$ cat target_5.txt   # compact mmCIF, C-alpha atoms and all ligand atoms
# COMPACT_ATOMS: atom_id res chain seq x y z
CA MET A 5 -10.28 -5.08 -29.02
CA GLY A 6 -7.43 -4.76 -26.50
CA LYS A 7 -6.55 -1.78 -24.33
CA LEU A 8 -3.11 -1.58 -25.95
CA ASP A 9 -3.88 -2.26 -29.62
CA GLY A 10 -1.29 -0.58 -31.86
CA ARG A 11 1.16 0.11 -29.06
CA VAL A 12 4.70 -1.25 -28.76
CA ALA A 13 6.07 -2.32 -25.37
CA ILE A 14 9.54 -3.31 -24.19
CA VAL A 15 9.92 -5.41 -21.01
CA THR A 16 13.35 -6.11 -19.53
CA GLY A 17 14.16 -9.20 -17.49
CA ALA A 18 11.22 -10.89 -19.19
CA ALA A 19 12.58 -14.44 -19.53
CA GLN A 20 10.99 -15.55 -16.24
CA GLY A 21 9.25 -14.41 -13.09
CA MET A 22 7.35 -11.12 -13.00
CA GLY A 23 8.77 -9.85 -16.29
CA ALA A 24 7.35 -12.82 -18.20
CA GLU A 25 3.88 -12.18 -16.69
CA GLU A 26 4.10 -8.44 -17.42
CA ALA A 27 4.97 -9.19 -21.05
CA ARG A 28 2.14 -11.72 -21.26
CA ILE A 29 -0.55 -9.35 -19.95
CA LEU A 30 0.55 -6.49 -22.23
CA ALA A 31 0.46 -8.85 -25.23
CA THR A 32 -2.98 -10.12 -24.20
CA GLU A 33 -4.22 -6.52 -24.38
CA GLY A 34 -2.97 -6.15 -27.95
CA ALA A 35 0.47 -4.56 -27.54
CA ARG A 36 3.32 -5.74 -29.73
CA VAL A 37 5.78 -6.77 -27.01
CA VAL A 38 9.56 -7.10 -27.13
CA LEU A 39 10.90 -9.28 -24.32
CA CYS A 40 14.52 -8.61 -23.35
CA ASP A 41 16.87 -10.56 -21.12
CA ILE A 42 20.27 -12.19 -20.92
CA LEU A 43 18.67 -15.67 -20.67
CA ASP A 44 18.19 -15.99 -24.41
CA ASP A 45 16.70 -19.50 -24.68
CA GLU A 46 14.17 -18.90 -21.91
CA GLY A 47 13.29 -15.42 -23.20
CA ALA A 48 12.79 -16.63 -26.78
CA SER A 49 10.60 -19.46 -25.53
CA VAL A 50 8.33 -17.16 -23.47
CA ALA A 51 8.15 -14.71 -26.39
CA SER A 52 7.07 -17.36 -28.86
CA SER A 53 4.43 -18.67 -26.42
CA ILE A 54 2.74 -15.22 -26.32
CA GLY A 55 3.26 -14.18 -29.96
CA ALA A 56 5.95 -11.62 -29.09
CA GLU A 57 9.52 -10.80 -30.11
CA TYR A 58 12.67 -11.56 -28.11
CA ARG A 59 15.91 -9.53 -28.17
CA HIS A 60 19.08 -10.05 -26.14
CA LEU A 61 19.65 -7.06 -23.84
CA ASP A 62 21.99 -6.71 -20.89
CA VAL A 63 20.51 -3.69 -19.08
CA THR A 64 24.00 -2.54 -18.01
CA ASN A 65 25.22 -2.32 -21.62
CA GLU A 66 24.79 1.06 -23.35
CA GLN A 67 25.31 -0.42 -26.82
CA ASP A 68 22.61 -3.07 -26.24
CA TRP A 69 20.15 -0.29 -25.32
CA SER A 70 20.99 1.83 -28.33
CA ASP A 71 20.78 -1.20 -30.67
CA LEU A 72 17.38 -2.13 -29.17
CA ALA A 73 15.98 1.40 -29.52
CA GLY A 74 17.11 1.63 -33.16
CA TRP A 75 15.84 -1.85 -34.06
CA ALA A 76 12.45 -1.45 -32.34
CA GLU A 77 11.68 1.93 -33.87
CA SER A 78 12.73 0.87 -37.37
CA SER A 79 11.10 -2.60 -37.29
CA LEU A 80 7.98 -1.89 -35.24
CA GLY A 81 7.54 1.79 -36.12
CA ARG A 82 7.29 3.23 -32.64
CA ILE A 83 7.92 2.61 -28.92
CA ASP A 84 5.18 3.48 -26.40
CA ILE A 85 5.90 1.53 -23.22
CA LEU A 86 9.06 0.59 -21.32
CA VAL A 87 8.90 -1.70 -18.29
CA ASN A 88 12.26 -1.62 -16.48
CA ASN A 89 11.80 -4.91 -14.66
CA ALA A 90 15.21 -6.67 -14.74
CA GLY A 91 16.78 -6.97 -11.33
CA VAL A 92 19.02 -9.05 -9.09
CA VAL A 93 19.28 -9.49 -5.35
CA GLY A 94 22.31 -10.12 -3.17
CA PHE A 95 22.22 -11.07 0.50
CA THR A 96 25.17 -9.67 2.48
CA PRO A 97 25.44 -7.50 5.60
CA VAL A 98 26.61 -3.97 4.77
CA ALA A 99 29.94 -4.34 6.60
CA SER A 100 30.97 -7.35 4.55
CA THR A 101 29.60 -6.39 1.14
CA GLU A 102 32.39 -6.46 -1.46
CA LEU A 103 32.60 -3.42 -3.72
CA SER A 104 32.19 -5.72 -6.73
CA GLU A 105 28.90 -7.04 -5.32
CA TRP A 106 27.68 -3.50 -4.53
CA ASN A 107 28.53 -2.41 -8.08
CA ARG A 108 26.83 -5.49 -9.59
CA VAL A 109 23.53 -4.85 -7.81
CA ILE A 110 23.55 -1.06 -8.33
CA GLY A 111 24.65 -1.56 -11.96
CA ILE A 112 21.76 -3.83 -12.91
CA ASN A 113 18.99 -2.49 -10.65
CA LEU A 114 19.65 1.27 -10.81
CA THR A 115 22.09 2.14 -13.62
CA GLY A 116 20.20 -0.30 -15.87
CA VAL A 117 16.99 1.66 -15.28
CA PHE A 118 18.76 4.95 -16.00
CA LEU A 119 20.21 3.57 -19.26
CA GLY A 120 16.80 2.29 -20.31
CA ILE A 121 15.07 5.60 -19.65
CA ARG A 122 17.81 7.51 -21.47
CA ALA A 123 17.78 5.20 -24.48
CA MET A 124 14.01 5.04 -24.92
CA ALA A 125 12.86 8.56 -23.98
CA PRO A 126 13.41 10.05 -27.47
CA ALA A 127 11.40 7.28 -29.16
CA LEU A 128 8.58 7.61 -26.59
CA ALA A 129 8.50 11.35 -27.30
CA ARG A 130 8.35 10.73 -31.06
CA ALA A 131 5.39 8.38 -30.45
CA GLY A 132 3.56 11.28 -28.80
CA GLY A 133 4.43 10.45 -25.20
CA GLY A 134 4.65 7.05 -23.58
CA VAL A 135 4.77 5.32 -20.21
CA ILE A 136 7.79 4.05 -18.28
CA VAL A 137 7.15 1.65 -15.39
CA ASN A 138 10.13 1.06 -13.13
CA ILE A 139 9.94 -2.03 -10.94
CA SER A 140 11.32 -1.06 -7.54
CA SER A 141 10.34 -2.97 -4.37
CA THR A 142 9.16 -2.55 -0.81
CA ALA A 143 12.96 -2.28 -0.42
CA GLY A 144 12.48 1.13 -2.05
CA ILE A 145 9.98 2.09 0.69
CA MET A 146 11.76 0.82 3.83
CA GLY A 147 14.97 -0.95 4.84
CA TYR A 148 15.84 -4.65 5.13
CA SER A 149 18.78 -6.25 6.92
CA ASN A 150 21.46 -7.97 4.83
CA LEU A 151 20.26 -6.24 1.66
CA SER A 152 22.07 -2.89 1.67
CA ALA A 153 22.96 -2.74 -2.04
CA TYR A 154 19.50 -3.95 -3.05
CA VAL A 155 17.74 -1.46 -0.74
CA ALA A 156 19.95 1.40 -1.99
CA SER A 157 19.28 0.43 -5.62
CA LYS A 158 15.51 0.27 -5.14
CA TRP A 159 15.36 3.61 -3.28
CA GLY A 160 17.44 4.94 -6.16
CA VAL A 161 14.87 3.69 -8.66
CA ARG A 162 12.14 5.43 -6.68
CA GLY A 163 14.02 8.75 -6.78
CA LEU A 164 15.06 8.40 -10.41
CA THR A 165 11.39 7.82 -11.27
CA LYS A 166 10.45 11.21 -9.81
CA ALA A 167 13.30 13.07 -11.52
CA ALA A 168 12.55 11.40 -14.88
CA ALA A 169 8.82 12.13 -14.54
CA LEU A 170 9.63 15.84 -14.21
CA ASP A 171 12.13 15.83 -17.10
CA LEU A 172 9.93 13.85 -19.50
CA ALA A 173 6.62 15.57 -18.74
CA LYS A 174 7.25 17.99 -21.60
CA ASP A 175 7.15 14.98 -23.99
CA GLY A 176 3.87 13.71 -22.56
CA THR A 177 5.67 10.70 -21.07
CA ARG A 178 4.59 9.39 -17.66
CA VAL A 179 7.07 7.60 -15.36
CA VAL A 180 5.93 5.59 -12.33
CA SER A 181 7.44 3.11 -9.89
CA VAL A 182 5.97 -0.21 -8.71
CA HIS A 183 6.87 -1.59 -5.28
CA PRO A 184 6.07 -5.28 -4.93
CA GLY A 185 6.38 -7.13 -1.66
CA GLY A 186 7.26 -10.81 -1.71
CA VAL A 187 6.21 -12.44 -4.99
CA ARG A 188 6.57 -16.09 -6.00
CA THR A 189 9.33 -16.05 -8.67
CA PRO A 190 12.72 -17.70 -9.14
CA MET A 191 14.22 -14.73 -7.21
CA THR A 192 12.38 -15.63 -4.00
CA ALA A 193 12.50 -19.42 -4.28
CA GLY A 194 13.67 -20.72 -0.92
CA VAL A 195 14.25 -17.22 0.54
CA ALA A 196 11.32 -16.62 2.91
CA SER A 197 9.07 -19.05 4.74
CA GLU A 198 5.26 -19.00 4.85
CA ASP A 199 5.62 -17.71 8.45
CA PHE A 200 7.28 -14.55 7.11
CA TYR A 201 4.22 -13.70 5.02
CA ALA A 202 1.76 -14.79 7.75
CA ARG A 203 2.49 -11.53 9.63
CA GLN A 204 1.21 -9.38 6.73
CA PRO A 205 -2.38 -8.03 6.62
CA ILE A 206 -2.82 -10.19 3.50
CA PRO A 207 -1.02 -13.22 4.93
CA ARG A 208 0.50 -14.87 1.86
CA ILE A 209 3.12 -14.42 -0.83
CA GLY A 210 2.03 -12.54 -3.97
CA GLU A 211 1.73 -14.06 -7.42
CA PRO A 212 3.42 -12.56 -10.51
CA ASN A 213 0.11 -11.86 -12.24
CA GLU A 214 -0.95 -9.64 -9.30
CA ILE A 215 1.96 -7.34 -10.16
CA ALA A 216 1.40 -7.69 -13.92
CA LYS A 217 -2.22 -6.53 -13.50
CA LEU A 218 -0.98 -3.41 -11.69
CA VAL A 219 1.54 -2.74 -14.48
CA LEU A 220 -1.26 -3.03 -17.06
CA TYR A 221 -3.39 -0.56 -15.09
CA LEU A 222 -0.50 1.92 -14.87
CA VAL A 223 0.21 1.67 -18.59
CA ALA A 224 -3.36 1.69 -19.88
CA ASP A 225 -5.53 3.51 -17.37
CA ALA A 226 -3.52 5.59 -14.86
CA THR A 227 -3.55 8.63 -17.12
CA TYR A 228 -3.43 11.16 -14.24
CA SER A 229 -0.46 9.56 -12.45
CA THR A 230 3.23 10.29 -12.91
CA GLY A 231 6.33 10.29 -10.71
CA THR A 232 4.67 8.36 -7.94
CA GLU A 233 4.75 5.00 -6.17
CA PHE A 234 2.32 2.10 -6.50
CA ILE A 235 2.67 -0.54 -3.79
CA ALA A 236 1.46 -4.15 -4.06
CA ASP A 237 2.80 -5.88 -0.98
CA GLY A 238 -0.03 -7.57 0.91
CA GLY A 239 0.10 -4.63 3.33
CA ALA A 240 3.67 -5.42 4.43
CA THR A 241 4.70 -1.75 4.63
CA VAL A 242 1.50 -0.49 6.28
CA GLY A 243 2.71 -0.71 9.88
CA GLN A 244 3.12 -3.03 12.82
CA THR A 245 0.35 -5.01 14.53
CA LEU A 246 0.51 -4.70 18.34
CA ASP A 247 -0.44 -7.75 20.42
CA ILE A 248 -2.40 -5.88 23.14
N1 LIG A 301 10.12 -11.51 -6.44
C1 LIG A 301 9.97 -10.59 -5.50
O1 LIG A 301 9.53 -10.90 -4.38
C2 LIG A 301 10.26 -9.15 -5.80
C3 LIG A 301 9.82 -8.19 -4.87
C4 LIG A 301 10.03 -6.85 -5.12
C5 LIG A 301 10.66 -6.46 -6.28
N2 LIG A 301 11.10 -7.42 -7.17
C6 LIG A 301 11.74 -6.93 -8.39
O2 LIG A 301 10.97 -7.36 -9.48
C7 LIG A 301 11.81 -7.51 -10.63
C8 LIG A 301 11.61 -8.91 -11.20
O3 LIG A 301 12.00 -9.83 -10.20
P1 LIG A 301 11.66 -11.39 -10.26
O4 LIG A 301 11.27 -11.78 -8.89
O5 LIG A 301 10.78 -11.72 -11.39
O6 LIG A 301 13.15 -11.94 -10.49
P2 LIG A 301 13.70 -13.14 -11.37
O7 LIG A 301 15.08 -13.41 -10.86
O8 LIG A 301 12.75 -14.25 -11.42
O9 LIG A 301 13.79 -12.48 -12.83
C9 LIG A 301 14.67 -11.41 -13.09
C10 LIG A 301 15.01 -11.43 -14.56
O10 LIG A 301 15.97 -10.37 -14.79
C11 LIG A 301 16.95 -10.86 -15.66
N3 LIG A 301 18.21 -10.12 -15.56
C12 LIG A 301 19.12 -10.17 -14.56
N4 LIG A 301 20.17 -9.40 -14.88
C13 LIG A 301 19.92 -8.85 -16.09
C14 LIG A 301 20.64 -7.97 -16.95
N5 LIG A 301 21.86 -7.51 -16.62
N6 LIG A 301 20.07 -7.61 -18.12
C15 LIG A 301 18.86 -8.09 -18.47
N7 LIG A 301 18.13 -8.94 -17.71
C16 LIG A 301 18.68 -9.32 -16.53
C17 LIG A 301 17.13 -12.32 -15.25
O11 LIG A 301 17.79 -13.09 -16.25
C18 LIG A 301 15.69 -12.74 -15.00
O12 LIG A 301 15.08 -13.23 -16.18
C19 LIG A 301 13.23 -7.23 -10.14
O13 LIG A 301 13.57 -5.89 -10.41
C20 LIG A 301 13.12 -7.44 -8.65
O14 LIG A 301 14.11 -6.74 -7.93
C21 LIG A 301 10.92 -8.73 -6.95

$ encode --input "target_5.txt" --output "structure tokens" --more "lines below"
Ligand SMILES: NC(=O)c1ccc[n+]([C@@H]2O[C@H](COP(=O)([O-])OP(=O)(O)OC[C@H]3O[C@@H](n4cnc5c(N)ncnc54)[C@H](O)[C@@H]3O)[C@@H](O)[C@H]2O)c1
Amino acid sequence: MGKLDGRVAIVTGAAQGMGAEEARILATEGARVVLCDILDDEGASVASSIGAEYRHLDVTNEQDWSDLAGWAESSLGRIDILVNNAGVVGFTPVASTELSEWNRVIGINLTGVFLGIRAMAPALARAGGGVIVNISSTAGIMGYSNLSAYVASKWGVRGLTKAAALDLAKDGTRVVSVHPGGVRTPMTAGVASEDFYARQPIPRIGEPNEIAKLVLYLVADATYSTGTEFIADGGATVGQTLDI
């Protein structure tokens, strides 16, 4: 018997990386999982390997969200869990960031989360109250150089989580944010060296299943938590070590 038997979960950006692991762990615990992405072949392949469904969804597209909500409720009967995981990164200094690049990152990472919450909230309410997990970042806790749009989007996700938690409390829906540090996925391939992680209290990069286990806990067990942040970053945001 799984912790999520009978529940229906939607995971965005689930064709690879953390999203694929999040979908896998929710399915392992008995949820019927719908993986969504714009990488259709990869997403369908992960879905079939874990006995789940795959649907094309561009998180910036309102029609895709409304089609997904209608399809999932009519085909699967209910929607209980939404993991807003899809995201992109872009490395440019603030003074030379093109408006198109700013809009791309904010559109996927922040507006995409808003559209997902707005599309799924009514179905979660009809299911008796659900859980929304928004994947932010340590970039939603502190700043990073050359990542202004990404940092702004992830702080935005953190704030949106709090506002949505207050608005959706009346439905019995919880909304929380997850703030991973560096995790080994296609997004970070070739970005940071082992030396970068060596300065952390836990001196290594994280693995996708370490974030997926936190998402499972938030969905299944964190019944007294809403609107708040959960950090899994090897201690990267704790503070600075002084060499004295
Ligand atoms: N990897 C890290 O170190 C790290 C750290 C902190 C936060 N995050 C966040 O975790 C989440 C997952 O990151 P990851 O490392 O697995 O990245 P990834 O690049 O491996 O996977 C991201 C997925 O999102 C999908 N995606 C991109 N644009 C989309 C769109 N418009 N609609 C639907 N899907 C779209 C991609 O196709 C991909 O499958 C992201 O929100 C990311 O910002 C990652």

$ axis_aligned_box --input "target_5.txt" --around "ligand LIG 301 (chain A)" --padding-each-side "8 Å" --output "JSON"
{"center_x": 15.7, "center_y": -10.1, "center_z": -11.4, "size_x": 28.3, "size_y": 24.4, "size_z": 30.1}

$ closest_residue --input "target_5.txt" --among "A:Leu246, A:Val195, A:Ala156, A:Ala73" --to "Val38 of chain A" --atoms "only C-alpha atoms"
A:Ala73

$ residues_around --input "target_5.txt" --residues "segment 124-134 of chain A" --least-positions-apart "4" --cutoff "10 Å" --atoms "all atoms listed in the file" --output "list in words"
Arg11, Val12, Ala13, Ile14, Trp69, Ser70, Leu72, Ala73, Gly74, Ala76, Glu77, Gly81, Arg82, Ile83, Asp84, Ile85, Leu86, Leu119, Gly120, Ala168, Leu172, Ala173, Lys174, Asp175, Gly176, Thr177, Arg178, Val179 and Val223 of chain A

$ closest_atom_pairs --input "target_5.txt" --of "chain A" --to "ligand LIG 301 (chain A)" --cutoff "8 Å" --atoms "all atoms listed in the file" --output "Markdown table"
| residue | atom | partner | partner_atom | distance |
| --- | --- | --- | --- | --- |
| A:Thr16 | CA | A:LIG301 | N7 | 5.8 |
| A:Gly17 | CA | A:LIG301 | O10 | 3.5 |
| A:Ala18 | CA | A:LIG301 | O12 | 5.4 |
| A:Ala19 | CA | A:LIG301 | O12 | 4.4 |
| A:Gln20 | CA | A:LIG301 | O12 | 4.7 |
| A:Gly21 | CA | A:LIG301 | O5 | 3.5 |
| A:Met22 | CA | A:LIG301 | O5 | 3.8 |
| A:Gly23 | CA | A:LIG301 | O5 | 5.6 |
| A:Ala24 | CA | A:LIG301 | O5 | 7.7 |
| A:Cys40 | CA | A:LIG301 | C15 | 6.6 |
| A:Asp41 | CA | A:LIG301 | N7 | 4.0 |
| A:Ile42 | CA | A:LIG301 | C15 | 5.0 |
| A:Leu43 | CA | A:LIG301 | O11 | 5.2 |
| A:Gly47 | CA | A:LIG301 | O12 | 7.6 |
| A:His60 | CA | A:LIG301 | C15 | 7.9 |
| A:Leu61 | CA | A:LIG301 | C15 | 5.5 |
| A:Asp62 | CA | A:LIG301 | N6 | 3.5 |
| A:Val63 | CA | A:LIG301 | N6 | 4.1 |
| A:Thr64 | CA | A:LIG301 | N5 | 5.6 |
| A:Asn65 | CA | A:LIG301 | N5 | 8.0 |
| A:Asn88 | CA | A:LIG301 | O13 | 7.5 |
| A:Asn89 | CA | A:LIG301 | O13 | 4.7 |
| A:Ala90 | CA | A:LIG301 | O10 | 3.8 |
| A:Gly91 | CA | A:LIG301 | O13 | 3.5 |
| A:Val92 | CA | A:LIG301 | O14 | 5.5 |
| A:Val93 | CA | A:LIG301 | O14 | 6.4 |
| A:Ile112 | CA | A:LIG301 | N5 | 5.2 |
| A:Asn113 | CA | A:LIG301 | O13 | 6.4 |
| A:Gly116 | CA | A:LIG301 | N5 | 7.4 |
| A:Ile139 | CA | A:LIG301 | O13 | 5.3 |
| A:Ser140 | CA | A:LIG301 | C5 | 5.6 |
| A:Ser141 | CA | A:LIG301 | C4 | 4.0 |
| A:Thr142 | CA | A:LIG301 | C4 | 6.2 |
| A:Ala143 | CA | A:LIG301 | C4 | 7.2 |
| A:Tyr154 | CA | A:LIG301 | O14 | 7.8 |
| A:Lys158 | CA | A:LIG301 | O14 | 7.7 |
| A:His183 | CA | A:LIG301 | C4 | 6.1 |
| A:Pro184 | CA | A:LIG301 | C4 | 4.3 |
| A:Gly185 | CA | A:LIG301 | C3 | 4.8 |
| A:Gly186 | CA | A:LIG301 | O1 | 3.5 |
| A:Val187 | CA | A:LIG301 | O1 | 3.7 |
| A:Arg188 | CA | A:LIG301 | N1 | 5.8 |
| A:Thr189 | CA | A:LIG301 | O4 | 4.7 |
| A:Pro190 | CA | A:LIG301 | O8 | 4.1 |
| A:Met191 | CA | A:LIG301 | O7 | 4.0 |
| A:Thr192 | CA | A:LIG301 | N1 | 5.3 |
| A:Gly210 | CA | A:LIG301 | O1 | 7.7 |
| A:Pro212 | CA | A:LIG301 | O5 | 7.5 |

$ closest_residue --input "target_5.txt" --among "A:Thr241, A:Ile209, A:Ala123, A:Arg59" --to "Ala193 of chain A" --atoms "all atoms listed in the file"
A:Ile209

$ atom_distance --input "target_5.txt" --atom1 "atom CA of Ala224 of chain A" --atom2 "atom CA of Val137 of chain A"
11.4 Å

$ atom_distance --input "target_5.txt" --atom1 "atom CA of Thr115 of chain A" --atom2 "atom CA of Asp68 of chain A"
13.7 Å

$ atom_distance --input "target_5.txt" --atom1 "atom CA of Gln244 of chain A" --atom2 "atom CA of Pro207 of chain A"
13.5 Å

$ residues_near_point --input "target_5.txt" --point "(17.7, 5.2, -6.8)" --cutoff "10 Å" --atoms "only C-alpha atoms" --output "PyMOL selection string"
chain A and resi 110+113-115+117-118+140+144+155-166

$ decode --input "target_5.txt" --residues "segment 107-119 of chain A" --atoms "N, CA and C atoms" --output "mmCIF file, in the first residue's frame"
data_model
loop_
_atom_site.group_PDB
_atom_site.id
_atom_site.type_symbol
_atom_site.label_atom_id
_atom_site.label_comp_id
_atom_site.auth_asym_id
_atom_site.auth_seq_id
_atom_site.Cartn_x
_atom_site.Cartn_y
_atom_site.Cartn_z
ATOM 1 N N ASN A 107 12.172 38.019 -20.506
ATOM 2 C CA ASN A 107 10.784 37.550 -20.627
ATOM 3 C C ASN A 107 10.699 36.034 -20.762
ATOM 4 N N ARG A 108 11.680 35.423 -21.431
ATOM 5 C CA ARG A 108 11.681 33.951 -21.583
ATOM 6 C C ARG A 108 11.797 33.272 -20.215
ATOM 7 N N VAL A 109 12.765 33.744 -19.416
ATOM 8 C CA VAL A 109 13.009 33.097 -18.116
ATOM 9 C C VAL A 109 11.845 33.367 -17.155
ATOM 10 N N ILE A 110 11.390 34.613 -17.078
ATOM 11 C CA ILE A 110 10.257 34.942 -16.200
ATOM 12 C C ILE A 110 8.998 34.207 -16.686
ATOM 13 N N GLY A 111 8.827 34.125 -17.989
ATOM 14 C CA GLY A 111 7.626 33.485 -18.551
ATOM 15 C C GLY A 111 7.518 32.025 -18.172
ATOM 16 N N ILE A 112 8.614 31.294 -18.284
ATOM 17 C CA ILE A 112 8.578 29.856 -17.961
ATOM 18 C C ILE A 112 8.608 29.658 -16.446
ATOM 19 N N ASN A 113 9.556 30.311 -15.768
ATOM 20 C CA ASN A 113 9.790 29.987 -14.349
ATOM 21 C C ASN A 113 8.755 30.580 -13.398
ATOM 22 N N LEU A 114 8.211 31.751 -13.738
ATOM 23 C CA LEU A 114 7.279 32.415 -12.810
ATOM 24 C C LEU A 114 5.845 32.437 -13.362
ATOM 25 N N THR A 115 5.670 32.968 -14.573
ATOM 26 C CA THR A 115 4.308 33.012 -15.130
ATOM 27 C C THR A 115 3.786 31.587 -15.322
ATOM 28 N N GLY A 116 4.660 30.661 -15.688
ATOM 29 C CA GLY A 116 4.240 29.259 -15.838
ATOM 30 C C GLY A 116 3.699 28.681 -14.542
ATOM 31 N N VAL A 117 4.303 29.054 -13.426
ATOM 32 C CA VAL A 117 3.818 28.574 -12.113
ATOM 33 C C VAL A 117 2.464 29.204 -11.797
ATOM 34 N N PHE A 118 2.337 30.498 -12.077
ATOM 35 C CA PHE A 118 1.040 31.171 -11.871
ATOM 36 C C PHE A 118 -0.049 30.494 -12.708
ATOM 37 N N LEU A 119 0.238 30.249 -13.989
ATOM 38 C CA LEU A 119 -0.790 29.640 -14.857
ATOM 39 C C LEU A 119 -1.173 28.247 -14.359
#
